[in-house]
>>> print(open('query27.txt').read())   # compact mmCIF, C-alpha atoms and all ligand atoms
# COMPACT_ATOMS: atom_id res chain seq x y z
CA MET C 213 -13.21 78.16 143.73
CA TYR C 214 -9.50 78.80 144.37
CA LEU C 215 -8.76 79.02 140.69
CA HIS C 216 -11.57 81.49 140.23
CA ALA C 217 -10.27 83.73 143.04
CA ALA C 218 -6.77 83.61 141.57
CA LEU C 219 -8.07 84.60 138.14
CA VAL C 220 -10.06 87.52 139.49
CA GLY C 221 -6.96 88.64 141.39
CA LEU C 222 -4.90 88.43 138.24
CA VAL C 223 -7.35 90.41 136.16
CA LEU C 224 -7.55 93.16 138.80
CA GLN C 225 -3.80 93.23 139.00
CA LEU C 226 -3.40 93.65 135.25
CA HIS C 227 -5.85 96.50 135.11
CA PHE C 228 -4.39 98.12 138.14
CA GLY C 229 -0.76 97.83 137.09
CA ALA C 230 -1.44 99.64 133.86
CA THR C 231 -2.13 102.89 135.69
CA HIS C 232 -1.34 103.44 139.34
CA LYS C 233 1.60 101.89 141.12
CA LEU C 234 1.07 100.64 144.63
CA VAL C 235 4.51 100.24 146.16
CA CYS C 236 4.49 98.54 149.56
CA TYR C 237 7.37 98.42 151.97
CA ILE C 238 8.09 95.59 154.34
CA SER C 239 9.88 97.29 157.21
CA SER C 240 10.31 94.47 159.64
CA TRP C 241 10.14 90.72 159.92
CA SER C 242 9.99 90.92 163.68
CA SER C 243 7.06 90.32 165.97
CA GLN C 244 3.98 92.48 165.39
CA GLY C 245 0.84 91.95 167.36
CA MET C 246 0.25 88.39 168.31
CA ALA C 247 1.82 87.14 165.12
CA GLN C 248 5.26 87.18 163.65
CA PHE C 249 5.33 88.75 160.20
CA LYS C 250 6.56 86.14 157.75
CA VAL C 251 6.82 85.75 154.00
CA ASP C 252 3.70 83.56 154.26
CA HIS C 253 1.72 86.62 155.39
CA VAL C 254 2.49 88.52 152.21
CA ASP C 255 -0.34 88.62 149.69
CA PRO C 256 1.50 88.72 146.35
CA PHE C 257 -1.52 90.29 144.61
CA LEU C 258 -2.01 93.23 146.97
CA CYS C 259 0.67 95.61 145.67
CA THR C 260 2.37 96.15 142.32
CA HIS C 261 5.81 96.42 143.95
CA LEU C 262 7.15 95.06 147.23
CA VAL C 263 10.22 96.64 148.78
CA VAL C 264 12.31 94.89 151.42
CA THR C 265 14.30 97.00 153.90
CA PHE C 266 17.22 97.47 154.56
CA THR C 267 20.55 96.28 153.24
CA ASP C 268 23.60 98.18 154.46
CA ILE C 269 26.92 98.88 152.81
CA ASN C 270 30.14 97.76 154.43
CA GLY C 271 33.66 99.20 154.60
CA SER C 272 34.31 98.39 150.94
CA TYR C 273 31.11 100.27 149.96
CA GLU C 274 29.44 97.05 148.95
CA LEU C 275 25.91 95.93 149.72
CA GLU C 276 25.92 93.24 152.36
CA PRO C 277 22.86 91.01 152.23
CA HIS C 278 21.69 89.91 155.69
CA ASP C 279 19.35 87.05 155.26
CA HIS C 280 19.90 84.93 152.18
CA GLN C 281 17.11 82.48 153.02
CA LEU C 282 14.59 85.28 153.46
CA TYR C 283 15.50 87.02 150.21
CA HIS C 284 15.12 83.77 148.29
CA SER C 285 11.77 82.84 149.79
CA PHE C 286 10.54 86.40 149.38
CA ASN C 287 11.34 86.39 145.67
CA ARG C 288 9.52 83.09 145.26
CA LEU C 289 6.30 85.12 145.73
CA LYS C 290 6.71 85.96 142.05
CA LEU C 291 6.01 82.34 141.16
CA ARG C 292 2.48 83.01 142.39
CA ASN C 293 2.19 86.44 140.77
CA PRO C 294 4.60 86.89 137.86
CA LYS C 295 3.51 90.53 137.50
CA LEU C 296 4.81 91.40 140.96
CA LYS C 297 8.02 93.44 141.12
CA THR C 298 10.37 93.14 144.10
CA LEU C 299 12.94 95.73 145.10
CA LEU C 300 15.74 95.68 147.62
CA ALA C 301 16.07 98.89 149.65
CA THR C 302 19.25 100.40 150.95
CA GLY C 303 19.56 103.47 153.16
CA GLY C 304 17.09 104.54 155.78
CA GLN C 305 17.12 105.36 159.44
CA HIS C 306 19.95 103.17 160.71
CA PHE C 307 22.17 103.62 157.73
CA ASN C 308 25.79 104.61 158.32
CA GLY C 309 25.79 108.17 156.95
CA THR C 310 29.58 108.46 157.03
CA LEU C 311 29.95 105.45 154.80
CA PHE C 312 27.22 106.65 152.46
CA SER C 313 28.86 110.05 152.17
CA GLN C 314 32.22 108.45 151.38
CA MET C 315 30.59 106.17 148.86
CA ILE C 316 28.80 108.86 146.86
CA SER C 317 31.78 111.25 146.92
CA ILE C 318 34.30 109.18 144.99
CA LYS C 319 33.74 107.60 141.61
CA ALA C 320 35.68 104.41 142.44
CA HIS C 321 33.55 103.91 145.57
CA ARG C 322 30.36 104.43 143.63
CA THR C 323 31.56 101.88 141.10
CA ALA C 324 32.24 99.33 143.86
CA PHE C 325 28.75 99.97 145.21
CA ILE C 326 27.13 99.63 141.78
CA HIS C 327 28.91 96.33 141.07
CA SER C 328 27.71 94.95 144.39
CA VAL C 329 24.17 96.13 143.66
CA LEU C 330 24.08 94.24 140.36
CA LYS C 331 25.48 91.15 141.99
CA VAL C 332 23.20 91.08 145.03
CA VAL C 333 20.02 92.11 143.22
CA ARG C 334 20.48 89.49 140.46
CA THR C 335 21.68 86.74 142.80
CA PHE C 336 18.51 86.85 144.85
CA GLY C 337 16.18 87.55 141.96
CA PHE C 338 15.05 91.08 142.85
CA ASP C 339 13.78 93.33 140.07
CA GLY C 340 15.62 96.41 141.22
CA LEU C 341 16.98 98.74 143.86
CA ASP C 342 15.34 101.42 145.98
CA LEU C 343 17.61 104.12 147.41
CA VAL C 344 16.08 105.47 150.60
CA GLN C 345 16.99 108.79 152.08
CA LYS C 346 18.50 108.55 155.50
CA TYR C 347 15.83 109.46 157.97
CA PRO C 348 15.40 111.94 159.47
CA TYR C 349 16.59 113.93 156.52
CA VAL C 350 20.34 113.58 156.59
CA PHE C 351 21.31 113.01 152.98
CA PRO C 352 21.90 114.72 150.71
CA ARG C 353 23.10 117.79 152.56
CA GLY C 354 22.99 120.76 150.27
CA LEU C 355 23.91 121.23 146.68
CA LYS C 356 27.19 119.34 146.61
CA ASP C 357 25.58 116.14 147.86
CA GLU C 358 22.71 116.67 145.47
CA ALA C 359 25.13 116.59 142.55
CA LYS C 360 26.80 113.46 143.93
CA PHE C 361 23.48 111.76 144.42
CA THR C 362 22.60 112.61 140.84
CA SER C 363 25.91 111.09 139.71
CA LEU C 364 25.12 107.93 141.64
CA ALA C 365 21.66 107.70 140.07
CA ARG C 366 23.06 108.32 136.58
CA GLU C 367 25.81 105.71 136.96
CA LEU C 368 23.42 103.15 138.44
CA ARG C 369 21.00 103.64 135.59
CA LEU C 370 23.76 103.35 133.01
CA ALA C 371 25.00 100.14 134.66
CA PHE C 372 21.43 98.76 134.71
CA ASP C 373 21.02 99.59 131.00
CA ARG C 374 24.31 97.94 130.09
CA GLU C 375 23.69 94.86 132.18
CA SER C 376 20.32 94.45 130.53
CA SER C 377 21.65 94.63 126.98
CA ARG C 378 24.48 92.25 127.88
CA SER C 379 22.35 89.67 129.66
CA GLY C 380 19.16 90.06 127.65
CA LYS C 381 17.24 90.31 130.93
CA ARG C 382 14.70 93.02 131.62
CA ARG C 383 16.40 96.17 132.89
CA LEU C 384 16.49 96.51 136.68
CA VAL C 385 14.22 99.11 138.22
CA LEU C 386 15.79 102.08 140.01
CA SER C 387 13.63 103.97 142.47
CA THR C 388 14.21 106.38 145.31
CA THR C 389 12.34 107.27 148.47
CA LEU C 390 12.74 110.84 149.71
CA SER C 391 11.26 113.27 152.17
CA PRO C 392 8.86 115.67 150.46
CA TRP C 393 10.62 118.86 151.53
CA GLU C 394 13.90 117.74 150.10
CA GLN C 395 15.86 120.21 148.00
CA MET C 396 16.25 117.22 145.67
CA ALA C 397 13.20 118.59 143.93
CA GLY C 398 15.58 120.91 142.12
CA SER C 399 18.08 118.43 140.73
CA ASP C 400 17.78 116.33 137.61
CA PHE C 401 18.36 112.93 139.27
CA HIS C 402 14.74 112.17 138.41
CA LYS C 403 15.75 111.54 134.79
CA TYR C 404 17.56 108.37 135.88
CA VAL C 405 15.02 106.86 138.26
CA ASP C 406 11.82 105.02 137.39
CA PHE C 407 9.84 106.52 140.24
CA ILE C 408 10.18 108.61 143.39
CA SER C 409 8.25 107.73 146.53
CA LEU C 410 7.63 110.73 148.77
CA MET C 411 7.62 110.11 152.52
CA SER C 412 4.63 112.43 152.83
CA TYR C 413 4.00 111.64 156.50
CA ASP C 414 5.63 112.51 159.82
CA LEU C 415 5.10 116.11 158.75
CA HIS C 416 3.88 116.71 162.29
CA GLY C 417 4.57 114.74 165.44
CA PRO C 418 4.75 114.84 169.24
CA TRP C 419 8.17 116.52 169.00
CA GLN C 420 6.30 119.74 168.20
CA GLY C 421 4.55 119.91 171.57
CA VAL C 422 1.06 120.23 170.13
CA THR C 423 -1.32 117.75 168.53
CA GLY C 424 -1.34 117.46 164.75
CA HIS C 425 -1.89 114.97 161.97
CA SER C 426 1.26 113.47 160.51
CA SER C 427 -0.04 113.57 156.96
CA PRO C 428 -2.57 116.37 156.40
CA LEU C 429 -3.75 116.91 152.85
CA TYR C 430 -4.22 120.66 153.29
CA SER C 431 -3.13 123.45 155.61
CA GLY C 432 -4.69 123.71 159.04
CA GLY C 433 -5.31 127.36 158.35
CA THR C 434 -3.89 128.55 161.66
CA SER C 435 -0.93 130.83 162.24
CA GLN C 436 1.03 127.97 163.74
CA ASN C 437 3.86 127.38 161.35
CA ASP C 438 4.01 123.61 161.74
CA LEU C 439 0.40 123.17 160.86
CA TYR C 440 1.12 124.69 157.49
CA LEU C 441 3.17 121.68 156.40
CA ASN C 442 0.82 119.73 154.23
CA ILE C 443 0.86 117.37 151.28
CA ASN C 444 -0.84 119.64 148.80
CA GLN C 445 1.71 122.40 149.24
CA MET C 446 4.75 120.12 149.27
CA VAL C 447 3.86 117.99 146.27
CA LYS C 448 2.88 121.02 144.22
CA TYR C 449 6.35 122.38 144.86
CA TRP C 450 7.86 119.25 143.26
CA LEU C 451 5.59 119.68 140.26
CA TYR C 452 6.54 123.34 140.04
CA ARG C 453 10.18 122.22 139.89
CA LYS C 454 9.24 120.18 136.81
CA ILE C 455 9.48 116.71 138.35
CA PRO C 456 7.22 114.58 136.12
CA ALA C 457 3.98 113.89 138.00
CA ARG C 458 3.83 110.28 136.79
CA LYS C 459 7.14 109.58 138.52
CA LEU C 460 5.89 110.76 141.92
CA LEU C 461 4.18 108.40 144.36
CA LEU C 462 2.36 109.70 147.41
CA GLY C 463 3.42 108.00 150.64
CA PHE C 464 0.87 106.65 153.12
CA ALA C 465 1.74 105.72 156.70
CA VAL C 466 0.08 102.60 158.10
CA TYR C 467 0.77 103.91 161.60
CA SER C 468 -0.07 106.86 163.83
CA ARG C 469 1.97 109.22 165.96
CA THR C 470 0.43 109.28 169.44
CA PHE C 471 0.12 112.20 171.83
CA GLU C 472 -0.73 112.70 175.48
CA LEU C 473 -2.93 115.76 175.98
CA GLN C 474 -1.61 118.24 178.54
CA GLY C 475 -4.74 120.22 179.18
CA ARG C 476 -8.44 120.21 178.39
CA GLU C 477 -8.11 121.05 174.73
CA HIS C 478 -8.39 118.10 172.37
CA GLY C 479 -8.48 119.58 168.86
CA MET C 480 -5.63 120.14 166.38
CA GLY C 481 -2.83 122.20 167.93
CA ALA C 482 -3.69 121.32 171.54
CA PRO C 483 -0.74 121.22 173.98
CA ALA C 484 0.55 117.66 174.14
CA LYS C 485 3.61 115.53 174.65
CA GLU C 486 4.58 112.19 173.23
CA GLY C 487 1.92 109.55 173.86
CA GLY C 488 2.13 106.01 175.06
CA PRO C 489 3.33 103.11 172.95
CA GLY C 490 1.17 100.54 171.26
CA LYS C 491 0.55 97.35 173.18
CA TYR C 492 2.54 95.23 170.74
CA THR C 493 4.91 97.53 168.89
CA LYS C 494 6.10 99.03 172.22
CA THR C 495 7.57 102.20 170.70
CA THR C 496 6.67 105.46 172.48
CA GLY C 497 4.65 107.88 170.42
CA PHE C 498 3.83 105.23 167.85
CA MET C 499 0.98 102.83 167.07
CA ALA C 500 0.67 100.46 164.15
CA LEU C 501 -2.68 100.38 162.35
CA PHE C 502 -3.58 97.10 164.04
CA GLU C 503 -3.26 98.96 167.38
CA VAL C 504 -4.96 102.14 166.15
CA CYS C 505 -8.13 100.29 165.15
CA GLN C 506 -8.35 98.75 168.63
CA PHE C 507 -7.92 102.19 170.21
CA ILE C 508 -10.77 103.53 168.10
CA GLU C 509 -13.00 100.54 168.81
CA SER C 510 -12.38 100.99 172.53
CA GLY C 511 -14.68 104.02 172.52
CA ALA C 512 -12.45 106.88 171.36
CA THR C 513 -14.12 110.05 170.05
CA VAL C 514 -13.47 110.45 166.32
CA LYS C 515 -13.39 113.91 164.70
CA TRP C 516 -12.84 115.12 161.16
CA SER C 517 -10.63 118.10 160.35
CA LYS C 518 -12.43 119.94 157.62
CA ASN C 519 -9.41 122.12 156.84
CA GLN C 520 -6.89 119.32 156.64
CA GLN C 521 -9.25 116.59 155.36
CA VAL C 522 -8.06 113.96 157.85
CA PRO C 523 -9.56 112.31 160.94
CA TYR C 524 -8.23 112.23 164.50
CA ALA C 525 -9.34 110.48 167.66
CA TYR C 526 -8.98 110.92 171.39
CA LYS C 527 -9.87 109.11 174.55
CA GLY C 528 -8.94 110.41 177.98
CA LYS C 529 -5.53 111.98 177.54
CA GLN C 530 -4.63 109.91 174.47
CA TRP C 531 -4.76 111.57 171.05
CA LEU C 532 -3.83 110.42 167.55
CA GLY C 533 -4.35 111.29 163.91
CA PHE C 534 -5.10 108.44 161.53
CA GLU C 535 -6.48 107.59 158.10
CA ASN C 536 -9.94 106.24 157.39
CA GLN C 537 -11.89 105.37 154.27
CA HIS C 538 -12.87 108.99 153.84
CA SER C 539 -9.35 110.48 154.07
CA LEU C 540 -7.86 107.76 151.88
CA ARG C 541 -10.48 108.49 149.22
CA LYS C 542 -9.78 112.23 149.40
CA LYS C 543 -6.05 111.71 148.98
CA VAL C 544 -6.46 109.26 146.12
CA LYS C 545 -8.84 111.60 144.36
CA TRP C 546 -6.34 114.41 144.81
CA LEU C 547 -3.36 112.39 143.53
CA THR C 548 -5.37 111.14 140.55
CA HIS C 549 -6.36 114.71 139.74
CA LEU C 550 -2.67 115.71 139.68
CA ASP C 551 -1.87 112.60 137.60
CA LEU C 552 0.68 111.25 140.10
CA GLY C 553 2.03 107.75 139.46
CA GLY C 554 0.32 106.15 142.45
CA ALA C 555 0.95 105.40 146.10
CA MET C 556 3.67 104.12 148.39
CA VAL C 557 2.78 102.43 151.65
CA TRP C 558 4.91 102.23 154.80
CA SER C 559 4.44 99.40 155.58
CA LEU C 560 2.78 96.03 154.96
CA ASP C 561 3.68 94.60 158.37
CA LEU C 562 2.00 97.50 160.22
CA ASP C 563 -1.37 96.75 158.63
CA ASP C 564 -3.65 94.13 160.18
CA PHE C 565 -1.99 91.35 158.22
CA THR C 566 -3.75 88.54 160.10
CA GLY C 567 -7.16 90.24 160.12
CA THR C 568 -7.56 89.47 163.83
CA SER C 569 -7.11 93.00 165.27
CA CYS C 570 -9.46 95.19 163.24
CA HIS C 571 -11.99 92.49 162.23
CA GLN C 572 -12.15 93.89 158.69
CA GLY C 573 -10.31 91.08 156.95
CA LYS C 574 -6.62 91.00 156.16
CA TYR C 575 -4.83 94.22 155.23
CA PRO C 576 -7.81 96.59 155.72
CA PHE C 577 -5.74 99.77 155.21
CA ILE C 578 -3.96 98.71 152.03
CA LYS C 579 -7.09 97.09 150.57
CA GLN C 580 -9.03 100.31 151.14
CA LEU C 581 -6.28 102.33 149.52
CA LYS C 582 -6.14 99.94 146.58
CA SER C 583 -9.88 99.98 146.03
CA SER C 584 -9.82 103.81 146.10
CA LEU C 585 -7.11 103.77 143.44
CA LEU C 586 -9.14 101.36 141.32
CA ALA C 587 -12.31 103.40 141.74
CA GLN C 588 -10.56 106.59 140.64
CA ARG C 589 -9.12 104.85 137.65
CA LYS C 590 -12.53 103.77 136.41
CA LYS C 591 -13.82 107.35 136.39
C1 LIG C 601 31.78 93.74 151.97
O1 LIG C 601 30.85 92.83 151.42
C2 LIG C 601 31.30 92.15 150.27
C3 LIG C 601 30.13 91.35 149.73
O2 LIG C 601 29.54 90.60 150.72
C4 LIG C 601 32.54 91.32 150.60
O3 LIG C 601 32.99 90.64 149.46
C5 LIG C 601 33.61 92.24 151.16
O4 LIG C 601 34.73 91.47 151.55
C6 LIG C 601 33.08 93.01 152.33
N1 LIG C 601 34.07 93.98 152.78
C7 LIG C 601 34.31 94.23 154.06
C8 LIG C 601 35.37 95.25 154.35
O5 LIG C 601 33.72 93.68 154.97
C1 LIG C 602 30.29 104.00 160.07
O1 LIG C 602 31.35 103.59 159.24
C2 LIG C 602 32.61 104.14 159.61
C3 LIG C 602 33.63 103.77 158.53
O2 LIG C 602 33.70 102.38 158.34
C4 LIG C 602 32.98 103.62 160.99
O3 LIG C 602 34.21 104.17 161.39
C5 LIG C 602 31.88 104.03 161.98
O4 LIG C 602 32.14 103.46 163.24
C6 LIG C 602 30.52 103.57 161.50
N1 LIG C 602 29.50 104.16 162.35
C7 LIG C 602 28.53 103.43 162.88
C8 LIG C 602 27.57 104.19 163.74
O5 LIG C 602 28.42 102.24 162.69
>>> encode(input="query27.txt", output="structure tokens")
Amino acid sequence: MYLHAALVGLVLQLHFGATHKLVCYISSWSSQGMAQFKVDHVDPFLCTHLVVTFTDINGSYELEPHDHQLYHSFNRLKLRNPKLKTLLATGGQHFNGTLFSQMISIKAHRTAFIHSVLKVVRTFGFDGLDLVQKYPYVFPRGLKDEAKFTSLARELRLAFDRESSRSGKRRLVLSTTLSPWEQMAGSDFHKYVDFISLMSYDLHGPWQGVTGHSSPLYSGGTSQNDLYLNINQMVKYWLYRKIPARKLLLGFAVYSRTFELQGREHGMGAPAKEGGPGKYTKTTGFMALFEVCQFIESGATVKWSKNQQVPYAYKGKQWLGFENQHSLRKKVKWLTHLDLGGAMVWSLDLDDFTGTSCHQGKYPFIKQLKSSLLAQRKK
């Protein structure tokens, strides 16, 4: 029975890996819902790549691993699925931008960083490094930083190539995660990275004072400027700038931005401020998927935006945009049509990883996304 399930999983994984990537972040090991997210919760067959956040750099521009025990036990997941790739992420929201700027500006600092990357990544048995743009949208700032970032990517890739020929080990993977409206689309850093995950969400949020979906596929078709930000337009810009489609992964958020309606309107673009926090995640304006599904089950009204091809829901004064089976399928169909390399998911720990909140089994969001990717592939 168990053996059979494992074999089926393996076969699916092999098929799947040959075409679309499914890169899943783990953003937090802290308490989510009633359970604490642990390595034991990770299904090593769910995604093709798992990315652990975040390792910072210190005053000598070197990566400083936080939790040795965790990194080791995390990489032992590959004993169960040898096809799985694990990446260590550096950068992100709480990253020290000053240090990063100093690091990318001077060759000697970049070299110190690159040496530490090789050491840390190999010591813990990761398969590569993911460089994440500081959020919200701080690096790189303009053309000069773009050139420096490209230098960093080139030097990292060269170091990975050399290390591989010296050690005889498989070359380390280099990936990057960027916001979709980044000017980076113009630079040639993409030559040096294996793939680029686009943070194609948070395109709209409560900070704009009106309701809107964080990840609409198409334009809302209104005159409101913000509602024009949409995936189709942004990704096509990257393709227009000659970034290879197969290197681009479309990002999916396993969370919603929440709004509190200010008046009687409850459609897209209705006056609203930041909504309440989720019961467990306790962050204002934010709900993890395992909270969103409970909100919807509690009798919220669900609507479909025909223009933007995404659903939203409201109940009383609470409003949120989310993804369902229908919108995931639409996006996957769209990304397959453009021949993108696959999907990135932020993040594993925001899905219903215990299966107790949404009552749709474990990881309902990511499993739905994965089955949509598989279904498109078979066509
Ligand atoms: C930075 O981290 C590295 C690796 O852990 C360590 O060897 C180095 O001494 C640290 N530098 C500073 C200034 O903390
Ligand atoms: C960032 O690093 C610089 C240089 O080491 C340090 O002076 C500064 O305090 C750090 N900033 C934060 C927010 O940690």
>>> closest_residue(input="query27.txt", among="C:Leu258, C:Met315, C:Ile578, C:Leu451", to="ligand LIG 602 (chain C)", atoms="all atoms listed in the file")
C:Met315
>>> residues_near_ligand(input="query27.txt", ligand="ligand LIG 602 (chain C)", cutoff="6 Å", atoms="all atoms listed in the file", output="list in words")
Gly271, Asn308, Thr310 and Leu311 of chain C
>>> residues_around(input="query27.txt", residues="C:Val251", least_positions_apart="5", cutoff="10 Å", atoms="only C-alpha atoms", output="PyMOL selection string")
chain C and resi 238+241+256+282-283+285-289
>>> residues_near_ligand(input="query27.txt", ligand="ligand LIG 601 (chain C)", cutoff="8 Å", atoms="all atoms listed in the file", output="list in words")
Ile269, Asn270, Gly271, Ser272, Tyr273, Glu274, Leu275, Glu276, Pro277 and Ser328 of chain C
>>> write_last_selection(input="query27.txt", atoms="C-alpha atoms", output="JSON list (two decimals), in the coordinates of the input")
[["chain", "number", "residue", "atom", "x", "y", "z"],
["C", 269, "ILE", "CA", 26.92, 98.88, 152.81],
["C", 270, "ASN", "CA", 30.14, 97.76, 154.43],
["C", 271, "GLY", "CA", 33.66, 99.20, 154.60],
["C", 272, "SER", "CA", 34.31, 98.39, 150.94],
["C", 273, "TYR", "CA", 31.11, 100.27, 149.96],
["C", 274, "GLU", "CA", 29.44, 97.05, 148.95],
["C", 275, "LEU", "CA", 25.91, 95.93, 149.72],
["C", 276, "GLU", "CA", 25.92, 93.24, 152.36],
["C", 277, "PRO", "CA", 22.86, 91.01, 152.23],
["C", 328, "SER", "CA", 27.71, 94.95, 144.39]]
>>> closest_residue(input="query27.txt", among="C:Thr335, C:Thr566, C:Thr548, C:Gln345", to="C:Gly309", atoms="only C-alpha atoms")
C:Gln345
>>> residues_around(input="query27.txt", residues="stretch 470-482 of chain C", least_positions_apart="2", cutoff="7 Å", atoms="only C-alpha atoms", output="VMD selection string")
chain C and resid 418 422 to 424 468 484 to 488 497 to 499 529 to 532
>>> residues_near_point(input="query27.txt", point="(14.4, 118.4, 137.1)", cutoff="6 Å", atoms="all atoms listed in the file", output="number ranges by chain")
C: 398-400, 454-455
>>> closest_residue(input="query27.txt", among="C:Lys545, C:Lys518, C:Lys290, C:Lys295", to="C:Leu586", atoms="only C-alpha atoms")
C:Lys545
>>> axis_aligned_box(input="query27.txt", around="stretch 368-381 of chain C", padding_each_side="3 Å", output="AutoDock Vina command-line options")
--center_x 21.1 --center_y 96.7 --center_z 132.7 --size_x 13.8 --size_y 20.0 --size_z 17.5
